[in-house]
$ cat query_6.csv   # CSV, C-alpha atoms
chain,number,residue,atom,x,y,z
A,922,MET,CA,-13.8,-17.1,-29.0
A,923,THR,CA,-12.4,-19.8,-26.8
A,924,PRO,CA,-14.5,-21.0,-23.7
A,925,ARG,CA,-11.7,-19.6,-21.5
A,926,LYS,CA,-11.8,-16.2,-23.1
A,927,LYS,CA,-15.6,-16.2,-23.0
A,928,PHE,CA,-15.5,-17.1,-19.3
A,929,THR,CA,-13.0,-14.2,-18.6
A,930,ARG,CA,-15.2,-11.8,-20.6
A,931,ASN,CA,-18.3,-12.8,-18.6
A,932,ILE,CA,-16.4,-12.4,-15.3
A,933,PHE,CA,-15.3,-8.9,-16.5
A,934,ILE,CA,-18.9,-7.9,-17.5
A,935,PHE,CA,-20.2,-9.3,-14.2
A,936,SER,CA,-17.6,-7.3,-12.2
A,937,VAL,CA,-18.4,-4.0,-14.1
A,938,LEU,CA,-22.2,-4.5,-13.6
A,939,SER,CA,-21.7,-5.4,-10.0
A,940,SER,CA,-19.6,-2.3,-9.4
A,941,LEU,CA,-22.2,-0.1,-11.1
A,942,SER,CA,-25.0,-1.6,-9.2
A,943,LEU,CA,-23.0,-1.1,-6.0
A,944,GLY,CA,-22.5,2.5,-7.0
A,945,GLN,CA,-26.3,2.8,-7.6
A,946,ALA,CA,-27.0,1.2,-4.2
A,947,ASN,CA,-24.6,3.7,-2.5
A,948,GLU,CA,-26.2,6.6,-4.3
A,949,GLY,CA,-29.5,6.5,-2.5
A,950,PRO,CA,-29.4,6.9,1.2
A,951,SER,CA,-32.9,5.9,2.3
A,952,ALA,CA,-33.6,8.4,5.1
A,953,LYS,CA,-34.6,12.0,4.7
A,954,PRO,CA,-31.6,14.3,5.4
A,955,LEU,CA,-30.9,15.1,9.0
A,956,GLU,CA,-30.0,18.7,9.8
A,957,ILE,CA,-27.3,20.5,11.7
A,958,ASP,CA,-27.4,24.3,11.9
A,959,LEU,CA,-24.6,26.7,12.9
A,960,SER,CA,-25.4,30.1,14.4
A,961,ASN,CA,-23.7,32.2,17.1
A,962,HIS,CA,-20.6,30.1,16.9
A,963,LYS,CA,-22.4,27.0,18.0
A,964,PHE,CA,-23.7,23.9,16.2
A,965,SER,CA,-27.2,22.8,16.9
A,966,PRO,CA,-27.9,20.1,17.8
A,967,GLN,CA,-24.5,19.5,19.4
A,968,VAL,CA,-25.1,15.8,19.4
A,969,LEU,CA,-26.9,14.3,16.5
A,970,PRO,CA,-28.3,10.8,16.9
A,971,VAL,CA,-28.4,8.8,13.7
A,972,PRO,CA,-29.3,5.2,12.9
A,973,ALA,CA,-26.4,2.8,12.6
A,974,GLY,CA,-25.9,0.5,9.6
A,975,ARG,CA,-27.7,2.7,7.1
A,976,PRO,CA,-26.3,5.3,4.6
A,977,LEU,CA,-27.5,8.8,5.4
A,978,GLN,CA,-27.4,12.4,4.4
A,979,ILE,CA,-26.9,15.3,6.7
A,980,ARG,CA,-27.8,18.8,5.7
A,981,VAL,CA,-25.6,21.5,7.2
A,982,VAL,CA,-27.1,25.0,7.3
A,983,ASN,CA,-24.8,28.0,8.0
A,984,LEU,CA,-27.0,30.7,9.7
A,985,SER,CA,-23.9,32.7,10.7
A,986,LYS,CA,-22.4,35.6,8.8
A,987,GLU,CA,-19.1,33.9,8.3
A,988,THR,CA,-18.0,31.1,5.9
A,989,ILE,CA,-17.5,27.9,7.8
A,990,GLU,CA,-15.9,24.5,7.0
A,991,PHE,CA,-18.0,21.6,8.3
A,992,GLU,CA,-15.4,18.9,8.9
A,993,SER,CA,-15.4,15.4,10.5
A,994,PHE,CA,-12.0,13.9,11.0
A,995,SER,CA,-13.3,10.5,11.8
A,996,LEU,CA,-15.7,10.4,8.9
A,997,ASN,CA,-13.2,11.9,6.4
A,998,ARG,CA,-15.5,14.7,5.3
A,999,GLU,CA,-15.0,18.5,4.8
A,1000,LYS,CA,-17.2,20.9,3.1
A,1001,VAL,CA,-17.3,24.7,3.0
A,1002,VAL,CA,-20.6,26.4,3.8
A,1003,GLU,CA,-21.0,30.0,2.9
A,1004,PRO,CA,-23.2,32.4,5.0
A,1005,GLY,CA,-26.9,31.7,4.6
A,1006,LYS,CA,-26.2,28.6,2.5
A,1007,SER,CA,-26.5,24.9,3.1
A,1008,ILE,CA,-24.7,21.8,1.9
A,1009,THR,CA,-25.4,18.1,2.1
A,1010,VAL,CA,-22.9,15.6,3.4
A,1011,ARG,CA,-23.3,12.0,2.3
A,1012,LEU,CA,-22.3,9.3,4.8
A,1013,PRO,CA,-22.0,5.6,4.3
A,1014,ALA,CA,-23.6,3.1,6.8
A,1015,LEU,CA,-21.9,3.8,10.1
A,1016,LYS,CA,-21.0,1.4,12.8
A,1017,ALA,CA,-22.4,2.2,16.2
A,1018,GLY,CA,-20.2,4.9,17.8
A,1019,SER,CA,-19.5,8.5,18.1
A,1020,TYR,CA,-18.1,10.6,15.3
A,1021,ASP,CA,-16.7,14.1,15.7
A,1022,PHE,CA,-17.6,17.2,13.6
A,1023,PHE,CA,-16.3,20.8,13.9
A,1024,ASP,CA,-15.8,24.1,12.0
A,1025,ASP,CA,-12.3,23.9,10.8
A,1026,PHE,CA,-12.2,27.7,10.1
A,1027,HIS,CA,-13.2,28.6,13.6
A,1028,GLN,CA,-11.5,26.5,16.2
A,1029,ASP,CA,-13.4,28.2,19.0
A,1030,VAL,CA,-16.7,26.7,17.8
A,1031,PRO,CA,-17.4,23.7,20.2
A,1032,GLU,CA,-17.0,20.3,18.6
A,1033,GLY,CA,-20.1,18.3,18.0
A,1034,ALA,CA,-20.8,14.6,17.6
A,1035,ILE,CA,-22.8,12.3,15.4
A,1036,VAL,CA,-23.8,9.3,17.4
A,1037,ALA,CA,-24.8,6.2,15.5
A,1038,LYS,CA,-27.0,3.8,17.5
B,194,MET,CA,40.3,-11.9,-33.7
B,195,LYS,CA,41.2,-8.2,-33.3
B,196,LEU,CA,38.2,-7.3,-35.4
B,197,SER,CA,35.7,-9.1,-33.1
B,198,ARG,CA,37.4,-7.7,-29.9
B,199,ALA,CA,36.6,-4.1,-30.8
B,200,PRO,CA,32.8,-4.4,-30.7
B,201,LEU,CA,33.2,-6.4,-27.5
B,202,LEU,CA,35.2,-3.7,-25.8
B,203,LEU,CA,32.7,-1.1,-27.1
B,204,ARG,CA,29.8,-3.2,-25.6
B,205,LEU,CA,31.6,-3.5,-22.3
B,206,LEU,CA,32.2,0.3,-22.3
B,207,VAL,CA,28.5,1.0,-23.0
B,208,LEU,CA,27.4,-1.5,-20.3
B,209,THR,CA,29.8,0.1,-17.8
B,210,ALA,CA,28.6,3.6,-18.7
B,211,LEU,CA,24.9,2.7,-18.5
B,212,PRO,CA,24.5,2.9,-14.7
B,213,ALA,CA,26.1,6.3,-14.8
B,214,LEU,CA,23.5,7.7,-17.1
B,215,PRO,CA,21.1,9.9,-15.2
B,216,CYS,CA,18.0,7.9,-14.4
B,217,ARG,CA,14.6,9.6,-14.6
B,218,ALA,CA,12.8,10.4,-11.4
B,219,GLN,CA,9.4,8.8,-10.9
B,220,VAL,CA,9.9,9.7,-7.2
B,221,ASP,CA,9.7,13.4,-6.7
B,222,PRO,CA,11.7,14.4,-3.6
B,223,TRP,CA,9.8,17.7,-3.4
B,224,GLU,CA,6.5,15.9,-3.1
B,225,PHE,CA,6.4,13.2,-0.5
B,226,GLU,CA,2.7,13.6,-0.3
B,227,VAL,CA,-0.2,11.3,-1.3
B,228,TYR,CA,-3.1,13.2,-2.8
B,229,PRO,CA,-6.5,12.4,-1.4
B,230,TYR,CA,-9.8,12.3,-3.3
B,231,ALA,CA,-11.0,15.4,-1.6
B,232,THR,CA,-10.0,18.7,-3.2
B,233,ASN,CA,-10.0,22.2,-1.8
B,234,GLN,CA,-13.5,23.5,-1.8
B,235,ARG,CA,-14.5,26.5,-4.0
B,236,GLY,CA,-12.9,29.7,-2.7
B,237,VAL,CA,-10.6,28.0,-0.2
B,238,ALA,CA,-6.8,28.7,-0.4
B,239,GLU,CA,-4.2,26.5,1.1
B,240,PHE,CA,-0.6,27.2,1.7
B,241,GLU,CA,1.6,24.2,2.1
B,242,SER,CA,5.3,23.5,2.7
B,243,ASP,CA,6.7,20.1,1.8
B,244,ASN,CA,10.2,19.3,3.1
B,245,ALA,CA,12.5,16.3,2.8
B,246,ILE,CA,16.1,15.7,3.9
B,247,VAL,CA,18.1,12.8,2.5
B,248,GLU,CA,20.0,11.7,5.6
B,249,ASN,CA,21.6,8.7,4.0
B,250,GLY,CA,21.6,8.8,0.2
B,251,HIS,CA,23.8,8.4,-2.9
B,252,GLN,CA,27.1,10.2,-3.4
B,253,THR,CA,26.7,10.6,-7.1
B,254,GLY,CA,24.3,12.8,-9.1
B,255,GLY,CA,21.7,11.0,-11.3
B,256,GLU,CA,21.1,8.3,-8.7
B,257,ALA,CA,18.0,7.6,-6.6
B,258,LEU,CA,16.1,10.8,-5.8
B,259,ALA,CA,18.7,13.0,-7.6
B,260,SER,CA,17.8,13.5,-11.2
B,261,GLY,CA,20.5,16.1,-11.9
B,262,THR,CA,24.2,16.4,-11.3
B,263,VAL,CA,23.9,17.2,-7.6
B,264,PRO,CA,23.9,14.0,-5.4
B,265,SER,CA,21.0,13.3,-3.1
B,266,GLU,CA,23.1,12.7,0.0
B,267,ARG,CA,22.4,15.4,2.6
B,268,THR,CA,20.3,17.4,0.2
B,269,PHE,CA,17.3,19.4,1.6
B,270,TYR,CA,14.3,19.5,-0.7
B,271,ASN,CA,11.9,22.4,0.1
B,272,ALA,CA,8.7,23.2,-1.8
B,273,TYR,CA,6.0,25.8,-1.3
B,274,GLU,CA,2.6,25.1,-2.7
B,275,PHE,CA,-0.3,27.4,-3.1
B,276,THR,CA,-3.6,25.8,-3.9
B,277,TYR,CA,-7.0,27.4,-4.7
B,278,GLY,CA,-10.4,25.7,-5.0
B,279,LEU,CA,-11.8,26.8,-8.4
B,280,THR,CA,-15.0,24.9,-8.1
B,281,ASP,CA,-16.2,22.4,-5.5
B,282,ARG,CA,-14.6,19.6,-7.5
B,283,ILE,CA,-11.5,21.2,-9.2
B,284,GLU,CA,-8.5,23.0,-7.7
B,285,ALA,CA,-5.4,24.6,-9.2
B,286,ALA,CA,-2.0,24.9,-7.6
B,287,VAL,CA,1.4,26.4,-8.2
B,288,TYR,CA,4.6,25.2,-6.6
B,289,LEU,CA,8.0,26.8,-6.0
B,290,LYS,CA,10.7,24.2,-5.6
B,291,MET,CA,14.0,24.9,-3.8
B,292,ALA,CA,16.9,22.7,-2.9
B,293,GLN,CA,19.9,23.0,-0.6
B,294,PRO,CA,22.7,20.6,-1.5
B,295,ASN,CA,25.1,19.6,1.2
B,296,ASP,CA,27.3,22.5,2.3
B,297,SER,CA,25.5,24.9,0.0
B,298,GLY,CA,22.8,27.6,0.1
B,299,LEU,CA,19.1,27.2,-0.9
B,300,GLN,CA,18.7,27.4,-4.6
B,301,TRP,CA,15.7,27.6,-7.0
B,302,ALA,CA,15.0,24.2,-8.5
B,303,GLY,CA,11.9,24.6,-10.6
B,304,ASP,CA,8.2,25.3,-10.6
B,305,ASN,CA,5.0,23.2,-11.1
B,306,PHE,CA,1.5,24.0,-12.1
B,307,ARG,CA,-1.2,21.5,-11.6
B,308,LEU,CA,-5.0,20.9,-11.8
B,309,ARG,CA,-6.6,18.3,-9.6
B,310,GLY,CA,-10.2,17.2,-9.5
B,311,ARG,CA,-12.6,14.7,-8.0
B,312,LEU,CA,-15.3,12.9,-9.9
B,313,PHE,CA,-18.8,12.6,-8.4
B,314,ASP,CA,-19.5,13.0,-4.7
B,315,GLU,CA,-18.2,10.8,-1.9
B,316,ASP,CA,-19.4,7.2,-2.0
B,317,VAL,CA,-21.3,7.5,-5.3
B,318,LEU,CA,-18.8,5.1,-6.9
B,319,PRO,CA,-17.6,2.0,-5.0
B,320,VAL,CA,-14.2,3.7,-4.9
B,321,ASN,CA,-13.8,7.5,-4.8
B,322,VAL,CA,-12.0,8.6,-8.0
B,323,GLY,CA,-10.1,11.8,-8.7
B,324,TRP,CA,-7.6,13.0,-11.4
B,325,TYR,CA,-4.4,15.0,-11.4
B,326,ALA,CA,-2.5,16.7,-14.2
B,327,GLU,CA,0.7,18.6,-13.6
B,328,LEU,CA,3.2,20.5,-15.7
B,329,GLU,CA,6.8,20.9,-14.3
B,330,TRP,CA,9.3,23.2,-15.7
B,331,HIS,CA,12.9,23.9,-14.7
B,332,LYS,CA,16.2,24.8,-16.3
B,333,THR,CA,18.3,23.6,-13.4
B,334,PRO,CA,20.3,20.6,-14.7
B,335,GLN,CA,22.0,20.3,-11.3
B,336,PHE,CA,18.6,19.1,-9.9
B,337,ASP,CA,16.8,17.7,-13.0
B,338,ASP,CA,18.1,17.2,-16.5
B,339,ALA,CA,14.6,17.3,-17.9
B,340,GLN,CA,13.3,20.8,-18.7
B,341,ARG,CA,9.6,20.2,-18.9
B,342,GLU,CA,7.6,17.2,-17.7
B,343,LEU,CA,4.0,16.2,-17.7
B,344,GLU,CA,2.6,14.1,-14.9
B,345,LEU,CA,-0.8,12.4,-14.8
B,346,ARG,CA,-2.3,10.5,-11.9
B,347,PRO,CA,-5.6,8.9,-11.3
B,348,ILE,CA,-6.5,9.2,-7.6
B,349,LEU,CA,-8.3,6.3,-6.0
B,350,GLU,CA,-9.5,6.3,-2.4
B,351,LYS,CA,-11.6,4.0,-0.3
B,352,ASP,CA,-12.6,4.3,3.4
B,353,PHE,CA,-13.0,1.2,5.5
B,354,GLY,CA,-14.4,2.8,8.6
B,355,ARG,CA,-11.6,4.9,10.1
B,356,LEU,CA,-9.1,3.3,7.8
B,357,ALA,CA,-8.5,5.2,4.5
B,358,VAL,CA,-6.6,3.6,1.6
B,359,THR,CA,-5.4,6.0,-1.1
B,360,ALA,CA,-3.4,5.2,-4.3
B,361,ASN,CA,-1.9,7.6,-6.9
B,362,PRO,CA,-0.4,5.6,-9.8
B,363,ILE,CA,1.9,8.1,-11.6
B,364,PHE,CA,2.5,8.4,-15.3
B,365,GLU,CA,5.2,10.9,-16.2
B,366,LYS,CA,6.5,12.0,-19.6
B,367,VAL,CA,9.4,14.2,-20.3
B,368,LEU,CA,8.4,16.9,-22.8
B,369,ALA,CA,11.7,18.7,-23.2
B,370,GLY,CA,15.3,17.9,-22.1
B,371,ALA,CA,16.9,14.6,-21.5
B,372,GLY,CA,14.6,11.7,-22.1
B,373,HIS,CA,12.0,13.6,-24.2
B,374,ASN,CA,12.1,11.0,-26.9
B,375,GLN,CA,11.2,8.2,-24.4
B,376,GLY,CA,7.7,7.1,-23.4
B,377,PHE,CA,5.9,7.4,-20.1
B,378,GLU,CA,7.5,6.4,-16.9
B,379,PHE,CA,5.6,4.7,-14.1
B,380,GLY,CA,5.7,5.5,-10.4
B,381,TYR,CA,3.3,5.4,-7.4
B,382,ASP,CA,2.4,7.1,-4.2
B,383,ALA,CA,0.1,5.3,-1.8
B,384,GLU,CA,-1.1,5.6,1.8
B,385,VAL,CA,-2.9,3.6,4.4
B,386,ALA,CA,-4.0,6.0,7.1
B,387,TRP,CA,-5.8,5.4,10.4
B,388,ARG,CA,-8.1,8.2,11.5
B,389,GLY,CA,-7.6,7.8,15.2
B,390,ALA,CA,-7.2,11.2,16.9
B,391,ARG,CA,-7.4,14.6,15.1
B,392,LEU,CA,-4.3,15.8,16.9
B,393,MET,CA,-2.2,12.8,15.9
B,394,SER,CA,-2.8,9.7,13.9
B,395,PRO,CA,-0.6,7.0,12.3
B,396,GLY,CA,-0.2,6.1,8.7
B,397,LEU,CA,2.0,4.2,6.3
B,398,GLU,CA,3.1,5.8,3.0
B,399,PHE,CA,4.6,4.2,0.0
B,400,TYR,CA,6.5,5.8,-2.8
B,401,GLY,CA,8.2,4.3,-5.8
B,402,GLY,CA,9.2,4.3,-9.4
B,403,THR,CA,9.8,1.4,-11.7
B,404,GLY,CA,11.2,3.1,-14.8
B,405,LEU,CA,9.7,3.4,-18.3
B,406,LEU,CA,6.4,1.7,-18.8
B,407,ASP,CA,7.7,-0.2,-21.8
B,408,HIS,CA,11.1,-0.9,-20.3
B,409,MET,CA,11.1,-1.3,-16.6
B,410,ASP,CA,14.3,-0.9,-14.6
B,411,PRO,CA,15.7,-4.0,-13.0
B,412,VAL,CA,14.3,-4.3,-9.4
B,413,ARG,CA,17.5,-3.4,-7.7
B,414,GLY,CA,17.7,-0.2,-9.8
B,415,GLN,CA,14.1,0.8,-9.0
B,416,GLN,CA,13.2,3.1,-6.2
B,417,HIS,CA,10.8,2.0,-3.4
B,418,TYR,CA,10.3,3.7,-0.1
B,419,LEU,CA,8.3,3.0,3.0
B,420,PHE,CA,7.4,5.9,5.3
B,421,PRO,CA,5.8,5.3,8.7
B,422,VAL,CA,4.2,8.7,9.4
B,423,VAL,CA,2.3,10.6,12.0
B,424,TRP,CA,-0.2,13.2,10.8
B,425,GLY,CA,-2.9,15.4,12.2
B,426,GLU,CA,-4.1,18.9,12.9
B,427,LEU,CA,-2.8,21.2,15.6
B,428,PRO,CA,-5.3,23.2,17.7
B,429,CYS,CA,-4.3,26.4,15.6
B,430,GLY,CA,-5.6,24.7,12.5
B,431,ILE,CA,-2.2,23.8,11.0
B,432,GLU,CA,-2.1,20.3,9.5
B,433,TYR,CA,1.1,18.4,9.5
B,434,ASN,CA,2.6,15.1,8.3
B,435,PHE,CA,6.0,13.8,9.6
B,436,GLY,CA,7.7,10.6,8.6
B,437,VAL,CA,10.9,8.8,8.3
B,438,GLY,CA,11.4,6.9,5.0
B,439,LYS,CA,13.4,3.8,4.4
B,440,GLY,CA,14.7,2.9,0.9
B,441,LEU,CA,13.9,-0.7,0.1
B,442,THR,CA,16.2,-1.3,-2.9
B,443,LYS,CA,19.8,-0.5,-3.8
B,444,GLY,CA,18.6,2.1,-6.2
B,445,SER,CA,16.7,4.0,-3.5
B,446,ASP,CA,18.2,6.5,-1.0
B,447,GLN,CA,18.3,4.8,2.4
B,448,THR,CA,17.0,7.3,5.0
B,449,ILE,CA,14.8,10.3,4.4
B,450,PHE,CA,13.1,12.6,6.8
B,451,LYS,CA,10.0,14.4,5.6
B,452,PHE,CA,7.9,17.1,7.2
B,453,ASN,CA,4.9,18.8,5.5
B,454,ILE,CA,2.7,21.5,7.0
B,455,GLU,CA,-0.4,23.2,5.6
B,456,LEU,CA,-3.0,25.8,6.5
B,457,GLU,CA,-6.2,26.5,4.6
B,458,ARG,CA,-8.6,29.4,4.7
B,459,PHE,CA,-11.6,30.7,2.7
B,460,ILE,CA,-10.6,33.7,0.7
B,461,GLY,CA,-13.6,34.0,-1.7
B,462,ALA,CA,-14.9,32.2,-4.7
B,463,ILE,CA,-14.6,33.3,-8.3
B,464,PHE,CA,-17.0,30.8,-9.8
B,465,LYS,CA,-20.5,29.8,-9.0
B,466,ALA,CA,-21.4,26.8,-6.8
B,467,SER,CA,-21.0,23.4,-8.4
B,468,PRO,CA,-24.2,21.7,-9.4
B,469,ASN,CA,-25.6,19.2,-6.9
B,470,ASN,CA,-25.1,15.6,-8.2
B,471,GLY,CA,-22.6,16.9,-10.8
B,472,TRP,CA,-19.7,14.7,-11.6
B,473,PHE,CA,-16.9,16.9,-13.0
B,474,PHE,CA,-17.2,20.6,-12.4
$ encode --input "query_6.csv" --output "structure tokens"
Amino acid sequence: MTPRKKFTRNIFIFSVLSSLSLGQANEGPSAKPLEIDLSNHKFSPQVLPVPAGRPLQIRVVNLSKETIEFESFSLNREKVVEPGKSITVRLPALKAGSYDFFDDFHQDVPEGAIVAK
Amino acid sequence: MKLSRAPLLLRLLVLTALPALPCRAQVDPWEFEVYPYATNQRGVAEFESDNAIVENGHQTGGEALASGTVPSERTFYNAYEFTYGLTDRIEAAVYLKMAQPNDSGLQWAGDNFRLRGRLFDEDVLPVNVGWYAELEWHKTPQFDDAQRELELRPILEKDFGRLAVTANPIFEKVLAGAGHNQGFEFGYDAEVAWRGARLMSPGLEFYGGTGLLDHMDPVRGQQHYLFPVVWGELPCGIEYNFGVGKGLTKGSDQTIFKFNIELERFIGAIFKASPNNGWFF
């Protein structure tokens, strides 16, 4: 193998390993999942403060009798939650700011906000 | 001298005839849509209508977006798509494709069946990855001279804050009909979308086809389109995407209007919930 090919191979291996380790790093949000409940056509809490700059998980619990779709337009997330069930939404490290969430199946449910500080 | 002139004339005839041969379509006029990483969740049904009108196209069949004998100029392409989330990571869809050539009525143009999935959960991999496999069938040579086609796409998506970048490289193979003895063709759909306001946000979409993988068309014969779009969700829950496309090469149609709408609802799941931390089902 020529030195040039060897160099290219090493770069390739390094890139793959870096990508994998990046994937691993993204896999484990450090904090314990935060929680949002939905009951009586209302999210609780309506405003969820979260730490900025850190990956996190949010557990969404549907305490209502209807299937909901937890959606955040600004965060590009949408997940269906059946009655009495919960789902976990993974989020990357957020910049400080306010991010919407709503129930896409019930437009009358007031919109909530995840506020990263 | 006469003997050598005959093959020369033959060669000239073949060369003149070549551009008239129907070119394959790596750009599907019924599907000006870039597929995201996210799939329909388990039990969710989505009804979608994709529409495109070629305002300034080609006057001859087999050119640009037209893969059959009907020219693309002033043709209205109209598709209905029903999608159902089988699991939390895999969805199935059927399409009904219609077309209305200039000064004519709406006609059936073919059907598609596809499966689409996403691998892992969001942000587990550095780039979100999905897959797409579609079977097209049609016996409508006026719109497509291939009878059956297989289309495969990897789906790649990465969010940079509110900016989402999505790419669908397309690999298409004719299984029956004209071109079945050829290899895979290459095309692409891609999008850069800004998640500004839920009601209306801007985006840029790119569609194109370069010909056979092992024998690319000359650049001027390839199709490349740029669509500035607005997209969002209306208060009633209907999502829309509207754009005006501009052909960037001579082989492309020049002006296309597209308008897609979709509505999704939960209708009930037939499979159990997907396992947490799963990667395929």
$ residues_around --input "query_6.csv" --residues "Phe1023 in chain A" --least-positions-apart "5" --cutoff "8 Å" --atoms "only C-alpha atoms" --output "mmCIF file with C-alpha atoms, keeping the file's coordinate frame"
data_model
loop_
_atom_site.group_PDB
_atom_site.id
_atom_site.type_symbol
_atom_site.label_atom_id
_atom_site.label_comp_id
_atom_site.auth_asym_id
_atom_site.auth_seq_id
_atom_site.Cartn_x
_atom_site.Cartn_y
_atom_site.Cartn_z
ATOM 1 C CA GLU A 990 -15.900 24.500 7.000
ATOM 2 C CA PHE A 991 -18.000 21.600 8.300
ATOM 3 C CA GLU A 992 -15.400 18.900 8.900
ATOM 4 C CA SER A 993 -15.400 15.400 10.500
ATOM 5 C CA GLN A 1028 -11.500 26.500 16.200
ATOM 6 C CA VAL A 1030 -16.700 26.700 17.800
ATOM 7 C CA PRO A 1031 -17.400 23.700 20.200
ATOM 8 C CA GLU A 1032 -17.000 20.300 18.600
ATOM 9 C CA GLY A 1033 -20.100 18.300 18.000
#
$ atom_distance --input "query_6.csv" --atom1 "CA of Phe473 in chain B" --atom2 "CA of Ser242 in chain B"
28.0 Å
$ residues_around --input "query_6.csv" --residues "Lys1006 in chain A" --least-positions-apart "2" --cutoff "6 Å" --atoms "only C-alpha atoms" --output "number ranges by chain"
A: 983, 1003-1004
$ write_last_selection --input "query_6.csv" --atoms "C-alpha atoms" --output "compact mmCIF listing (two decimals), keeping the file's coordinate frame"
# COMPACT_ATOMS: atom_id res chain seq x y z
CA ASN A 983 -24.80 28.00 8.00
CA GLU A 1003 -21.00 30.00 2.90
CA PRO A 1004 -23.20 32.40 5.00
$ closest_residue --input "query_6.csv" --among "B:Ala357, B:Ile348, B:Ile454, B:Ala257" --to "chain A" --atoms "all atoms listed in the file"
B:Ala357
$ residues_near_point --input "query_6.csv" --point "(-15.7, 9.6, 6.8)" --cutoff "10 Å" --atoms "only C-alpha atoms" --output "PyMOL selection string"
(chain A and resi 992-999+1010-1013+1015+1020) or (chain B and resi 315-316+351-357+388)
$ residues_around --input "query_6.csv" --residues "Arg267 in chain B" --least-positions-apart "4" --cutoff "10 Å" --atoms "all atoms listed in the file" --output "short mmCIF file (atom, residue, chain, number, x, y, z; two decimals) with C-alpha atoms, in the frame of the given file"
data_model
loop_
_atom_site.label_atom_id
_atom_site.label_comp_id
_atom_site.auth_asym_id
_atom_site.auth_seq_id
_atom_site.Cartn_x
_atom_site.Cartn_y
_atom_site.Cartn_z
CA ALA B 245 12.50 16.30 2.80
CA ILE B 246 16.10 15.70 3.90
CA VAL B 247 18.10 12.80 2.50
CA GLU B 248 20.00 11.70 5.60
CA ASN B 249 21.60 8.70 4.00
CA GLY B 250 21.60 8.80 0.20
CA HIS B 251 23.80 8.40 -2.90
CA GLN B 252 27.10 10.20 -3.40
CA GLN B 293 19.90 23.00 -0.60
CA PRO B 294 22.70 20.60 -1.50
CA ASN B 295 25.10 19.60 1.20
CA ASP B 296 27.30 22.50 2.30
CA ILE B 449 14.80 10.30 4.40
#
$ atom_distance --input "query_6.csv" --atom1 "CA of Ala383 in chain B" --atom2 "CA of Phe399 in chain B"
5.0 Å
$ closest_residue --input "query_6.csv" --among "B:Gly461, B:Gly436, B:Gly303, B:Gly471" --to "chain A" --atoms "all atoms listed in the file"
B:Gly461
$ closest_residue --input "query_6.csv" --among "A:Leu984, A:Ala1014, A:Asp1029, A:Leu955" --to "Pro970 in chain A" --atoms "only C-alpha atoms"
A:Leu955
$ atom_distance --input "query_6.csv" --atom1 "CA of Gly380 in chain B" --atom2 "CA of Glu241 in chain B"
22.9 Å
$ residues_around --input "query_6.csv" --residues "Leu405 in chain B" --least-positions-apart "2" --cutoff "8 Å" --atoms "all atoms listed in the file" --output "list in words"
Gln375, Gly376, Phe377, Glu378, Phe379, Thr403, Asp407, His408, Met409 and Asp410 of chain B
$ closest_residue --input "query_6.csv" --among "B:Asp221, B:Glu365, B:Asp281, B:Glu398" --to "chain A" --atoms "all atoms listed in the file"
B:Asp281
$ interface_residues --input "query_6.csv" --of "chain B" --to "chain A" --cutoff "6 Å" --atoms "all atoms listed in the file" --output "MDAnalysis selection string"
chainID B and resid 317:319 388
$ write_last_selection --input "query_6.csv" --atoms "C-alpha atoms" --output "short mmCIF file (atom, residue, chain, number, x, y, z; two decimals), in the frame of the given file"
data_model
loop_
_atom_site.label_atom_id
_atom_site.label_comp_id
_atom_site.auth_asym_id
_atom_site.auth_seq_id
_atom_site.Cartn_x
_atom_site.Cartn_y
_atom_site.Cartn_z
CA VAL B 317 -21.30 7.50 -5.30
CA LEU B 318 -18.80 5.10 -6.90
CA PRO B 319 -17.60 2.00 -5.00
CA ARG B 388 -8.10 8.20 11.50
#
